[in-house]
Every structure is written in structure tokens, then in C-alpha cells.
>>> print(open('final_3.cif').read())   # mmCIF, C-alpha atoms
data_run
loop_
_atom_site.label_atom_id
_atom_site.label_comp_id
_atom_site.auth_asym_id
_atom_site.auth_seq_id
_atom_site.Cartn_x
_atom_site.Cartn_y
_atom_site.Cartn_z
CA MET U 14 21.23 -9.82 -24.33
CA SER U 15 17.76 -11.07 -25.14
CA HIS U 16 16.46 -14.49 -24.24
CA SER U 17 13.99 -16.91 -25.77
CA SER U 18 11.73 -18.79 -23.42
CA GLY U 19 9.51 -21.80 -23.23
CA THR U 20 7.05 -19.94 -21.03
CA SER U 21 3.85 -21.96 -20.88
CA MET U 22 0.49 -20.26 -21.21
CA ILE U 23 -1.46 -19.80 -18.01
CA PHE U 24 -5.18 -20.52 -18.16
CA LEU U 25 -7.19 -18.48 -15.67
CA PRO U 26 -10.86 -19.01 -14.83
CA TYR U 27 -13.21 -17.17 -17.17
CA ASN U 28 -15.66 -14.59 -15.90
CA LYS U 29 -17.37 -11.60 -17.46
CA TYR U 30 -15.08 -9.09 -15.76
CA LEU U 31 -11.98 -10.49 -17.44
CA GLU U 32 -10.93 -10.22 -21.07
CA LYS U 33 -9.18 -13.14 -22.78
CA SER U 34 -6.25 -12.36 -25.05
CA ALA U 35 -4.85 -14.38 -27.94
CA THR U 36 -2.20 -15.76 -25.57
CA MET U 37 -4.77 -17.23 -23.14
CA TYR U 38 -3.83 -14.82 -20.38
CA TYR U 39 -6.71 -12.88 -18.90
CA ARG U 40 -6.64 -9.21 -18.01
CA ALA U 41 -9.24 -6.96 -16.43
CA LYS U 42 -11.90 -5.54 -18.72
CA TYR U 43 -12.09 -1.82 -19.40
CA ASN U 44 -15.12 0.36 -19.98
CA ASP U 45 -15.95 4.03 -20.41
CA SER U 46 -18.90 4.24 -18.02
CA PHE U 47 -18.55 6.32 -14.86
CA LYS U 48 -22.00 5.29 -13.56
CA LYS U 49 -20.52 3.24 -10.72
CA VAL U 50 -17.72 5.70 -9.95
CA THR U 51 -19.07 7.60 -6.96
CA GLU U 52 -17.57 9.63 -4.14
CA ASP U 53 -18.33 6.90 -1.61
CA THR U 54 -16.34 4.18 -3.43
CA PRO U 55 -12.58 3.83 -2.87
CA ARG U 56 -10.58 5.12 -5.84
CA LEU U 57 -7.10 4.48 -7.19
CA THR U 58 -6.32 6.41 -10.36
CA SER U 59 -3.33 6.51 -12.70
CA LEU U 60 -2.44 7.92 -16.09
CA LYS U 61 -3.51 6.00 -19.19
CA TYR U 62 -0.34 5.53 -21.19
CA ASP U 63 -0.46 5.60 -24.99
CA GLY U 64 1.61 2.58 -25.98
CA ALA U 65 1.48 -1.11 -26.84
CA ASN U 66 -0.13 -3.56 -24.40
CA PHE U 67 1.98 -6.63 -23.63
CA PHE U 68 2.17 -9.47 -21.15
CA LEU U 69 5.55 -9.73 -19.41
CA ALA U 70 5.77 -13.42 -18.53
CA PHE U 71 8.64 -15.02 -16.61
CA ASP U 72 9.34 -18.75 -16.91
CA HIS U 73 10.38 -20.98 -14.00
CA ASN U 74 13.96 -19.66 -14.26
CA GLY U 75 12.92 -16.02 -14.36
CA VAL U 76 13.59 -15.63 -18.10
CA PRO U 77 11.16 -13.04 -19.53
CA THR U 78 9.10 -12.88 -22.71
CA TYR U 79 7.10 -9.92 -23.98
CA VAL U 80 3.94 -11.27 -25.60
CA SER U 81 1.36 -9.06 -27.31
CA ARG U 82 -2.22 -9.56 -26.16
CA ARG U 83 -3.22 -9.29 -29.83
CA PRO U 84 -2.33 -11.91 -32.48
CA SER U 85 -0.75 -11.14 -35.84
CA VAL U 86 -2.94 -10.97 -38.95
CA THR U 87 -2.22 -14.69 -39.42
CA GLY U 88 -3.33 -15.49 -35.86
CA ALA U 89 0.19 -16.15 -34.55
CA VAL U 90 1.33 -15.11 -31.08
CA ILE U 91 3.59 -12.04 -31.23
CA GLU U 92 6.71 -12.07 -29.01
CA LYS U 93 9.00 -9.02 -28.97
CA ALA U 94 11.73 -9.55 -26.37
CA ASN U 95 14.35 -9.35 -29.14
CA ARG U 96 13.26 -5.75 -29.85
CA VAL U 97 13.71 -4.77 -26.20
CA PRO U 98 16.80 -6.65 -24.94
CA HIS U 99 17.36 -3.86 -22.40
CA LEU U 100 14.03 -4.87 -20.80
CA ALA U 101 14.65 -8.63 -21.01
CA LYS U 102 16.55 -9.00 -17.75
CA VAL U 103 16.55 -12.46 -16.16
CA LEU U 104 14.99 -12.16 -12.69
CA PRO U 105 14.86 -15.47 -10.78
CA SER U 106 12.87 -13.70 -8.03
CA GLN U 107 10.03 -13.23 -10.55
CA ALA U 108 9.87 -16.87 -11.69
CA ASP U 109 6.44 -17.99 -12.98
CA LYS U 110 4.89 -14.54 -12.61
CA VAL U 111 2.97 -12.68 -15.33
CA TYR U 112 2.40 -8.93 -15.50
CA ASN U 113 0.52 -6.60 -17.82
CA VAL U 114 2.75 -3.79 -19.11
CA GLU U 115 2.47 -0.91 -21.52
CA LEU U 116 5.49 -0.51 -23.78
CA ILE U 117 5.93 3.18 -24.53
CA HIS U 118 8.28 5.50 -26.39
CA THR U 119 8.97 8.99 -25.07
CA GLY U 120 12.33 9.69 -26.68
CA HIS U 121 15.25 10.20 -24.32
CA ASP U 122 13.07 11.85 -21.67
CA PRO U 123 11.06 9.28 -19.64
CA HIS U 124 8.61 12.03 -18.60
CA ALA U 125 7.77 13.27 -22.11
CA PRO U 126 4.41 12.41 -23.76
CA GLU U 127 4.23 8.99 -25.39
CA SER U 128 4.25 8.41 -29.15
CA HIS U 129 1.97 5.47 -29.98
CA ALA U 130 3.01 5.51 -33.64
CA ARG U 131 6.71 5.48 -32.78
CA VAL U 132 6.54 2.54 -30.36
CA SER U 133 4.48 0.58 -32.93
CA GLY U 134 7.09 1.27 -35.59
CA LEU U 135 9.96 0.17 -33.35
CA LEU U 136 8.20 -3.03 -32.28
CA ASN U 137 7.29 -3.90 -35.88
CA ALA U 138 10.78 -3.22 -37.24
CA LEU U 139 13.40 -5.95 -37.61
CA PRO U 140 15.27 -6.43 -34.31
CA GLU U 141 18.56 -4.97 -35.54
CA ARG U 142 16.90 -1.85 -36.90
CA SER U 143 14.72 -1.44 -33.81
CA ILE U 144 17.71 -1.62 -31.47
CA ARG U 145 19.73 0.76 -33.64
CA GLU U 146 16.95 3.36 -33.80
CA GLN U 147 16.31 3.13 -30.06
CA ALA U 148 20.00 3.90 -29.47
CA GLN U 149 19.51 7.05 -31.56
CA ASP U 150 16.02 8.15 -30.53
CA GLY U 151 15.62 6.79 -27.01
CA PRO U 152 14.59 3.39 -25.63
CA ILE U 153 11.24 1.68 -25.40
CA ARG U 154 10.18 1.74 -21.74
CA ALA U 155 7.86 -0.54 -19.76
CA VAL U 156 5.09 0.71 -17.48
CA VAL U 157 3.99 -2.09 -15.14
CA PHE U 158 0.32 -1.53 -14.34
CA ASP U 159 -1.16 -4.92 -13.41
CA MET U 160 -0.28 -8.40 -12.17
CA ILE U 161 -1.92 -11.31 -13.98
CA SER U 162 -0.50 -14.39 -12.28
CA PRO U 163 -0.51 -15.58 -9.57
CA GLU U 164 -3.99 -14.25 -8.92
CA MET U 165 -4.52 -11.82 -6.06
CA PRO U 166 -7.83 -11.01 -4.30
CA THR U 167 -7.69 -7.21 -4.76
CA PHE U 168 -5.57 -4.65 -6.57
CA ASN U 169 -4.21 -3.53 -3.20
CA ASP U 170 -2.77 -7.04 -2.87
CA LYS U 171 -1.07 -6.67 -6.27
CA ILE U 172 0.68 -3.39 -5.57
CA PRO U 173 3.60 -4.84 -3.50
CA HIS U 174 4.29 -7.36 -6.29
CA ILE U 175 4.22 -4.64 -8.98
CA GLN U 176 6.56 -2.52 -6.86
CA GLY U 177 8.73 -5.60 -6.26
CA LEU U 178 9.20 -6.21 -9.98
CA VAL U 179 10.24 -2.59 -10.54
CA SER U 180 12.64 -2.83 -7.60
CA ASP U 181 14.12 -6.14 -8.81
CA PHE U 182 14.62 -4.73 -12.31
CA GLY U 183 16.56 -1.87 -10.76
CA ASP U 184 16.27 0.93 -13.33
CA THR U 185 13.23 3.20 -13.09
CA ASN U 186 14.39 5.08 -16.19
CA LEU U 187 13.40 1.98 -18.20
CA MET U 188 10.78 0.17 -16.10
CA PHE U 189 8.41 1.77 -13.62
CA HIS U 190 4.85 1.65 -12.34
CA PRO U 191 2.36 4.53 -12.63
CA GLU U 192 2.03 7.07 -9.88
CA TYR U 193 -1.21 6.45 -8.03
CA ALA U 194 -3.72 9.16 -7.08
CA HIS U 195 -5.92 8.20 -4.14
CA GLY U 196 -9.56 9.00 -3.49
CA TRP U 197 -12.17 11.03 -5.33
CA GLY U 198 -10.18 14.25 -5.04
CA GLY U 199 -7.04 12.56 -6.35
CA MET U 200 -8.93 11.24 -9.35
CA ARG U 201 -10.37 14.64 -10.25
CA SER U 202 -6.97 16.31 -9.85
CA LEU U 203 -5.31 13.75 -12.13
CA ILE U 204 -8.06 14.16 -14.76
CA ALA U 205 -7.38 17.90 -14.84
CA LYS U 206 -3.60 17.47 -14.82
CA SER U 207 -3.60 14.86 -17.59
CA LYS U 208 -5.85 17.00 -19.79
CA LYS U 209 -3.68 20.08 -19.28
CA GLU U 210 -0.53 18.13 -20.18
CA GLY U 211 -2.09 16.67 -23.32
CA ARG U 212 -1.97 13.09 -22.04
CA GLU U 213 -4.27 10.36 -23.35
CA GLY U 214 -6.40 10.11 -20.22
CA ILE U 215 -6.72 8.24 -16.92
CA ILE U 216 -7.70 4.82 -15.58
CA THR U 217 -9.49 4.43 -12.26
CA LEU U 218 -10.48 1.40 -10.18
CA ASP U 219 -11.60 0.32 -6.74
CA PRO U 220 -8.43 -1.10 -5.10
CA THR U 221 -10.45 -2.90 -2.41
CA ALA U 222 -12.93 -4.72 -4.70
CA LEU U 223 -12.43 -8.37 -5.61
CA GLU U 224 -10.42 -8.43 -8.82
CA ASP U 225 -12.70 -10.95 -10.54
CA LYS U 226 -15.46 -8.30 -10.34
CA ASN U 227 -13.46 -5.14 -10.80
CA PRO U 228 -13.49 -3.71 -14.35
CA ARG U 229 -11.28 -0.66 -14.90
CA VAL U 230 -12.88 2.60 -15.95
CA LYS U 231 -11.02 4.76 -18.45
CA LEU U 232 -11.46 8.38 -19.44
CA LYS U 233 -9.78 9.41 -22.68
CA HIS U 234 -9.15 13.01 -23.68
CA LYS U 235 -8.31 12.14 -27.28
CA ASN U 236 -10.48 10.59 -29.99
CA HIS U 237 -8.73 7.34 -30.84
CA TYR U 238 -10.34 4.65 -33.00
CA ASN U 239 -9.23 1.04 -33.45
CA LEU U 240 -10.03 0.06 -37.05
CA LYS U 241 -9.28 -2.65 -39.60
CA VAL U 242 -7.31 -2.09 -42.80
CA LYS U 243 -9.56 -3.01 -45.72
CA ALA U 244 -7.34 -2.01 -48.65
CA ILE U 245 -4.10 -0.23 -49.56
CA LEU U 246 -4.16 2.74 -51.91
CA GLN U 247 -0.97 3.31 -53.90
CA GLU U 248 0.81 6.63 -53.55
CA LYS U 249 1.16 8.88 -56.59
CA ASP U 250 3.54 11.74 -57.32
CA ILE U 251 2.45 15.27 -58.27
CA TYR U 252 2.11 14.16 -61.90
CA GLY U 253 -0.17 11.25 -61.04
CA LYS U 254 2.50 8.63 -61.62
CA PRO U 255 2.26 5.64 -59.21
CA LYS U 256 5.06 5.32 -56.66
CA GLN U 257 6.34 2.16 -54.98
CA SER U 258 4.73 3.10 -51.70
CA ALA U 259 1.37 3.34 -49.98
CA GLY U 260 -0.54 6.59 -50.13
CA ALA U 261 -3.38 5.71 -47.76
CA LEU U 262 -5.18 2.86 -46.02
CA LEU U 263 -8.89 2.24 -46.50
CA LEU U 264 -10.50 1.52 -43.13
CA GLU U 265 -13.55 -0.26 -41.73
CA ASP U 266 -15.00 -0.31 -38.23
CA ALA U 267 -16.50 -3.05 -36.04
CA THR U 268 -19.67 -3.14 -38.13
CA GLY U 269 -17.69 -3.84 -41.32
CA ARG U 270 -18.65 -0.43 -42.67
CA GLU U 271 -16.09 1.64 -44.59
CA VAL U 272 -15.37 4.73 -42.48
CA GLY U 273 -12.74 6.53 -44.53
CA LYS U 274 -9.06 6.41 -45.29
CA VAL U 275 -5.95 7.54 -43.47
CA GLY U 276 -3.02 8.94 -45.44
CA THR U 277 -1.13 10.99 -42.86
CA GLY U 278 1.03 10.01 -39.91
CA PHE U 279 3.25 7.57 -41.86
CA ASP U 280 6.96 8.04 -42.33
CA ARG U 281 8.59 7.15 -45.65
CA LYS U 282 9.90 3.77 -44.46
CA THR U 283 6.44 2.73 -43.26
CA ARG U 284 4.80 3.72 -46.56
CA GLU U 285 7.32 1.60 -48.46
CA ASP U 286 6.93 -1.31 -46.04
CA ILE U 287 3.14 -1.31 -46.43
CA PHE U 288 3.44 -1.41 -50.21
CA LYS U 289 6.10 -4.16 -50.18
CA HIS U 290 4.28 -6.34 -47.63
CA PRO U 291 0.54 -5.86 -48.22
CA ASN U 292 -0.38 -9.20 -46.63
CA ALA U 293 1.03 -7.97 -43.33
CA TRP U 294 -1.29 -4.95 -43.43
CA ILE U 295 -4.55 -6.10 -45.00
CA ASN U 296 -6.92 -6.99 -42.11
CA LYS U 297 -4.45 -5.56 -39.62
CA LEU U 298 -5.93 -3.60 -36.70
CA ILE U 299 -4.51 -0.10 -36.43
CA GLN U 300 -5.32 3.01 -34.45
CA VAL U 301 -6.06 6.48 -35.80
CA GLU U 302 -6.54 9.78 -34.02
CA ALA U 303 -9.31 11.87 -35.55
CA MET U 304 -11.79 14.63 -34.94
CA LYS U 305 -15.27 13.51 -33.95
CA PRO U 306 -16.90 11.97 -37.03
CA THR U 307 -19.55 13.52 -39.19
CA GLY U 308 -22.11 10.76 -39.56
CA THR U 309 -20.11 7.58 -40.09
CA LYS U 310 -16.99 9.09 -41.72
CA LEU U 311 -13.77 9.97 -39.91
CA ARG U 312 -12.59 13.59 -39.96
CA GLN U 313 -8.90 14.35 -40.49
CA PRO U 314 -7.63 10.94 -39.34
CA VAL U 315 -3.94 10.50 -38.54
CA TYR U 316 -2.24 7.11 -38.26
CA ASN U 317 -1.32 6.39 -34.62
CA GLY U 318 0.22 2.92 -34.74
CA ASP U 319 -1.20 -0.49 -33.87
CA ALA U 320 -4.61 -0.89 -32.24
CA ASP U 321 -4.67 -1.01 -28.46
CA GLY U 322 -8.02 -2.75 -28.02
CA GLU U 323 -11.04 -4.19 -29.79
CA LEU U 324 -12.47 -2.71 -32.99
CA ASP U 325 -14.48 0.48 -32.49
CA THR U 326 -17.72 1.56 -34.14
CA VAL U 327 -17.48 5.01 -35.72
#
>>> encode(input="final_3.cif", output="C-alpha cells")
Amino acid sequence: MSHSSGTSMIFLPYNKYLEKSATMYYRAKYNDSFKKVTEDTPRLTSLKYDGANFFLAFDHNGVPTYVSRRPSVTGAVIEKANRVPHLAKVLPSQADKVYNVELIHTGHDPHAPESHARVSGLLNALPERSIREQAQDGPIRAVVFDMISPEMPTFNDKIPHIQGLVSDFGDTNLMFHPEYAHGWGGMRSLIAKSKKEGREGIITLDPTALEDKNPRVKLKHKNHYNLKVKAILQEKDIYGKPKQSAGALLLEDATGREVGKVGTGFDRKTREDIFKHPNAWINKLIQVEAMKPTGTKLRQPVYNGDADGELDTV
């Protein structure tokens, strides 16, 4: 059974190492620079999961909400607990706490690679359809990778709380925290392992540094781009006759420049939904996987679900 909640937003002090979301929660910033990652700095490394980033916020009674860190195209806060009732367990022991989680879909096997496009589709579907399809294809799972509130001095201080939430939930098939690799050697081993297994990449941090000055460093093995939908191109049949579905999406990057169109990676239901509800897609931020661009145009882009960060420049 899912629950609605009157969870109030928590305002945390602003600083340059934190990133504000549409919900007014702050999370650590991420960057791609390894300049400050050296052998003499403590390291804690985990897999980078390819899913949807959400805040798991518990109210004063321990009733959870799952709030996207990104707003809808209309600017509204997105709450999805009714799509994941199996993850919406009331936990009084977690009252007033907020975590950052990645909602992922791996089919029935919790250890299989994640499908970003599939979890986006399930979260964007109507609740009844989402629940029905999860029963058939496997559930959305939650990876707990950070604690947002109450604030803790270092990531090492957060780990017992993250482990406590997973323990209180009581089902590691559905909710778990990443496995941690320690030290420089652990980081390098996980980079190699994640690349061999075709995973998205890794995230590394200094677990002893003060959290208000501790940006995460990510290494991605795949070329993913967060882009904005500029226009919808209607699909046509082999005779050139227009169909009641979308054939492709015209895309622009952070500079506002048109960088190509994506017409693969959509299932039939999604194509029809885009065409029927264009206002829900125009200006929407999506993610594509593509080969490295030639100049400023994407090469062989494939739709990969909703964006998982800020707009990229191609």
C-alpha cells in the first residue's frame, strides 16, 4: 500500500559544493575531474547506477515519499511513491530523515545491468500500468547512496545511517546500498570490473573530508548526453503516410544549439504517448546514449530515458 505524505521541504545551507534541486533539498555536486584524486587521499568508490535520481523523504511519522530532484516540464514537483508501493514502507525509525536514492530496473535479477529507459518508462506510466508491468517484468529497486538530512560531518558518519535504513527496510532484493571499494587499489579494481561488465561507471569520494566541501568524482564508461526536446517529428509508414505516433525527437544541448534527432530506443507505447501528449515532451530533458559526436552533431543516438543531471553541451 502506498502512502501520501505532508513531508515538508528541508532547507539546507547553500555552498558551492552542494547542488540545489527543484525540491529544495541539497545533494553533493558531481564532477568529472580526477585532478584531486591522488594515491595519498582516502578513497571510497562504488558503482554508478544508471537509473532515476530521487529523494526518499520520511515525514515525522516515518511515512515515505519519493520525490524527483528534477521538476516536470511545468515546474511541478514530481512524487512517485504510488508507482513503487513495494518501496513505500512506513518506517517510524526513519522519521524526519532524507536520503538520496537511485531507482533502477534490472528485471527480475537484482544483479543484472540497469535499464535507464525502462525505469523511466515505468515511473512515467500511470500507477496501475506501472505496477502491473513491474509484476510481469520485475520491480523497480532502490539503491541508497547518500544521506541528505540530518546533516553529517563526513561520509563515514553517514554510512551507519544508510546501512540502518537498508536494515530497517528488511529486503535487500528491493532496497540496498552500493558495495564500497576502499583505497586507491580498490578504486582501480572497480573501474576495471565495471568496464568489463558493461556498467555505466563509478563514483569516488573522500570519506573523511567534510561533506560541505566534498564533491563526488564520477567516471563514466558510456557516452550519455542530457538534452532538451525541441520538437516532435511525426512517424510515417513505408509509403510516407503519417502515423499517429512520434518518429523522432529533435534535440538541443545546453547552448540551445540543435544537435540532432533521436528516433530509436522507443517502444510503440512511448511513441504513441509522445504524439498524444506533446506538451509533456516539448522542453522535457531526456538522456540519449550515442557515439562521440562529429563536430556538434550526435552520432547514432539512442533514447535512454529521462535526464539524470543538468543539460550537456555536445
>>> resolve_selection(input="final_3.cif", expression="the PyMOL selection byres ((chain U and resi 76) around 8)", output="PDB file with C-alpha atoms, keeping the file's coordinate frame")
ATOM      1  CA  HIS U  16      16.460 -14.490 -24.240  1.00  0.00           C
ATOM      2  CA  SER U  17      13.990 -16.910 -25.770  1.00  0.00           C
ATOM      3  CA  SER U  18      11.730 -18.790 -23.420  1.00  0.00           C
ATOM      4  CA  PHE U  71       8.640 -15.020 -16.610  1.00  0.00           C
ATOM      5  CA  ASP U  72       9.340 -18.750 -16.910  1.00  0.00           C
ATOM      6  CA  HIS U  73      10.380 -20.980 -14.000  1.00  0.00           C
ATOM      7  CA  ASN U  74      13.960 -19.660 -14.260  1.00  0.00           C
ATOM      8  CA  GLY U  75      12.920 -16.020 -14.360  1.00  0.00           C
ATOM      9  CA  PRO U  77      11.160 -13.040 -19.530  1.00  0.00           C
ATOM     10  CA  THR U  78       9.100 -12.880 -22.710  1.00  0.00           C
ATOM     11  CA  ALA U 101      14.650  -8.630 -21.010  1.00  0.00           C
ATOM     12  CA  LYS U 102      16.550  -9.000 -17.750  1.00  0.00           C
ATOM     13  CA  VAL U 103      16.550 -12.460 -16.160  1.00  0.00           C
ATOM     14  CA  LEU U 104      14.990 -12.160 -12.690  1.00  0.00           C
ATOM     15  CA  PRO U 105      14.860 -15.470 -10.780  1.00  0.00           C
ATOM     16  CA  ALA U 108       9.870 -16.870 -11.690  1.00  0.00           C
TER      17      ALA U 108
END
>>> resolve_selection(input="final_3.cif", expression="the PyMOL selection byres ((chain U and resi 168-179) around 9)", output="list in words")
Leu104, Ser106, Gln107, Tyr112, Val157, Phe158, Asp159, Met160, Glu164, Met165, Pro166, Thr167, Ser180, Asp181, Phe182, Gly183, Asp184, Thr185, Met188, Phe189, His190, Leu218, Asp219, Pro220, Thr221, Ala222, Leu223, Glu224 and Asn227 of chain U
>>> resolve_selection(input="final_3.cif", expression="the PyMOL selection byres ((chain U and resi 234-241) around 6)", output="number ranges by chain")
U: 213-214, 233, 242, 264-266, 296-303, 320, 324-325
>>> atom_distance(input="final_3.cif", atom1="atom CA of U:Ile251", atom2="atom CA of U:Pro291")
23.5 Å
>>> closest_residue(input="final_3.cif", among="U:Ser162, U:Thr217, U:Gln149, U:Thr268", to="U:Tyr39", atoms="all atoms listed in the file")
U:Ser162
>>> closest_residue(input="final_3.cif", among="U:Leu246, U:Ile287, U:Leu263, U:Leu136", to="U:Ser81", atoms="only C-alpha atoms")
U:Leu136
>>> atom_distance(input="final_3.cif", atom1="atom CA of U:Gly278", atom2="atom CA of U:Tyr316")
4.7 Å
>>> closest_residue(input="final_3.cif", among="U:Asp109, U:Asp250, U:Glu146, U:Glu210", to="U:Pro126", atoms="only C-alpha atoms")
U:Glu210
>>> closest_residue(input="final_3.cif", among="U:Leu139, U:Tyr252, U:Asn113, U:Val327", to="U:Glu271", atoms="all atoms listed in the file")
U:Val327
>>> atom_distance(input="final_3.cif", atom1="atom CA of U:Thr326", atom2="atom CA of U:Leu311")
10.9 Å
>>> residues_around(input="final_3.cif", residues="stretch 192-205 of chain U", least_positions_apart="3", cutoff="8 Å", atoms="only C-alpha atoms", output="JSON, numbers by chain")
{"U": [51, 52, 55, 56, 57, 58, 59, 60, 208, 209, 214, 215, 217]}
>>> closest_residue(input="final_3.cif", among="U:Gln313, U:Thr277, U:Asn186, U:Ser85", to="U:Gly120", atoms="all atoms listed in the file")
U:Asn186
>>> closest_residue(input="final_3.cif", among="U:Met304, U:Arg131, U:Gly253, U:Gly322", to="U:Phe67", atoms="all atoms listed in the file")
U:Gly322
>>> decode(input="final_3.cif", residues="stretch 267-277 of chain U", atoms="all heavy atoms", output="compact mmCIF listing (two decimals), in the first residue's frame")
# COMPACT_ATOMS: atom_id res chain seq x y z
N ALA U 267 22.91 22.34 -24.08
CA ALA U 267 22.90 23.42 -23.10
C ALA U 267 23.09 24.79 -23.73
O ALA U 267 22.70 25.80 -23.15
CB ALA U 267 23.97 23.17 -22.04
N THR U 268 23.68 24.83 -24.91
CA THR U 268 23.90 26.11 -25.59
C THR U 268 22.68 26.56 -26.38
O THR U 268 22.66 27.66 -26.93
CB THR U 268 25.10 26.02 -26.55
OG1 THR U 268 24.76 25.16 -27.64
CG2 THR U 268 26.33 25.50 -25.83
N GLY U 269 21.65 25.69 -26.47
CA GLY U 269 20.48 25.99 -27.28
C GLY U 269 20.66 25.60 -28.73
O GLY U 269 19.79 25.87 -29.57
N ARG U 270 21.77 24.96 -29.04
CA ARG U 270 22.07 24.56 -30.41
C ARG U 270 21.42 23.21 -30.72
O ARG U 270 21.44 22.29 -29.91
CB ARG U 270 23.58 24.46 -30.59
CG ARG U 270 24.04 24.11 -32.01
CD ARG U 270 25.56 24.07 -32.09
NE ARG U 270 26.11 23.11 -31.15
CZ ARG U 270 26.97 23.42 -30.19
NH1 ARG U 270 27.36 24.66 -30.00
NH2 ARG U 270 27.44 22.47 -29.38
N GLU U 271 20.85 23.09 -31.93
CA GLU U 271 20.28 21.82 -32.36
C GLU U 271 21.41 20.84 -32.62
O GLU U 271 22.35 21.12 -33.35
CB GLU U 271 19.46 22.03 -33.64
CG GLU U 271 18.75 20.78 -34.11
CD GLU U 271 17.98 21.02 -35.40
OE1 GLU U 271 17.25 22.04 -35.45
OE2 GLU U 271 18.15 20.23 -36.34
N VAL U 272 21.33 19.64 -31.99
CA VAL U 272 22.43 18.68 -32.08
C VAL U 272 22.02 17.36 -32.73
O VAL U 272 22.80 16.41 -32.73
CB VAL U 272 23.02 18.41 -30.67
CG1 VAL U 272 23.68 19.66 -30.12
CG2 VAL U 272 21.96 17.88 -29.71
N GLY U 273 20.82 17.32 -33.28
CA GLY U 273 20.39 16.11 -33.97
C GLY U 273 19.04 15.65 -33.50
O GLY U 273 18.31 16.36 -32.79
N LYS U 274 18.67 14.46 -33.94
CA LYS U 274 17.39 13.89 -33.54
C LYS U 274 17.58 12.43 -33.14
O LYS U 274 18.52 11.76 -33.61
CB LYS U 274 16.38 13.99 -34.68
CG LYS U 274 16.80 13.31 -35.98
CD LYS U 274 15.80 13.58 -37.09
CE LYS U 274 16.26 12.93 -38.40
NZ LYS U 274 15.32 13.20 -39.51
N VAL U 275 16.73 11.96 -32.26
CA VAL U 275 16.79 10.57 -31.82
C VAL U 275 15.48 9.90 -32.20
O VAL U 275 14.39 10.39 -31.89
CB VAL U 275 17.06 10.46 -30.30
CG1 VAL U 275 15.99 11.17 -29.47
CG2 VAL U 275 17.18 9.00 -29.88
N GLY U 276 15.58 8.77 -32.92
CA GLY U 276 14.39 8.06 -33.37
C GLY U 276 14.40 6.60 -33.01
O GLY U 276 13.49 5.86 -33.38
N THR U 277 15.42 6.15 -32.28
CA THR U 277 15.48 4.76 -31.85
C THR U 277 15.51 4.68 -30.33
O THR U 277 15.88 5.63 -29.65
CB THR U 277 16.73 4.05 -32.42
OG1 THR U 277 17.90 4.77 -32.02
CG2 THR U 277 16.68 4.02 -33.93
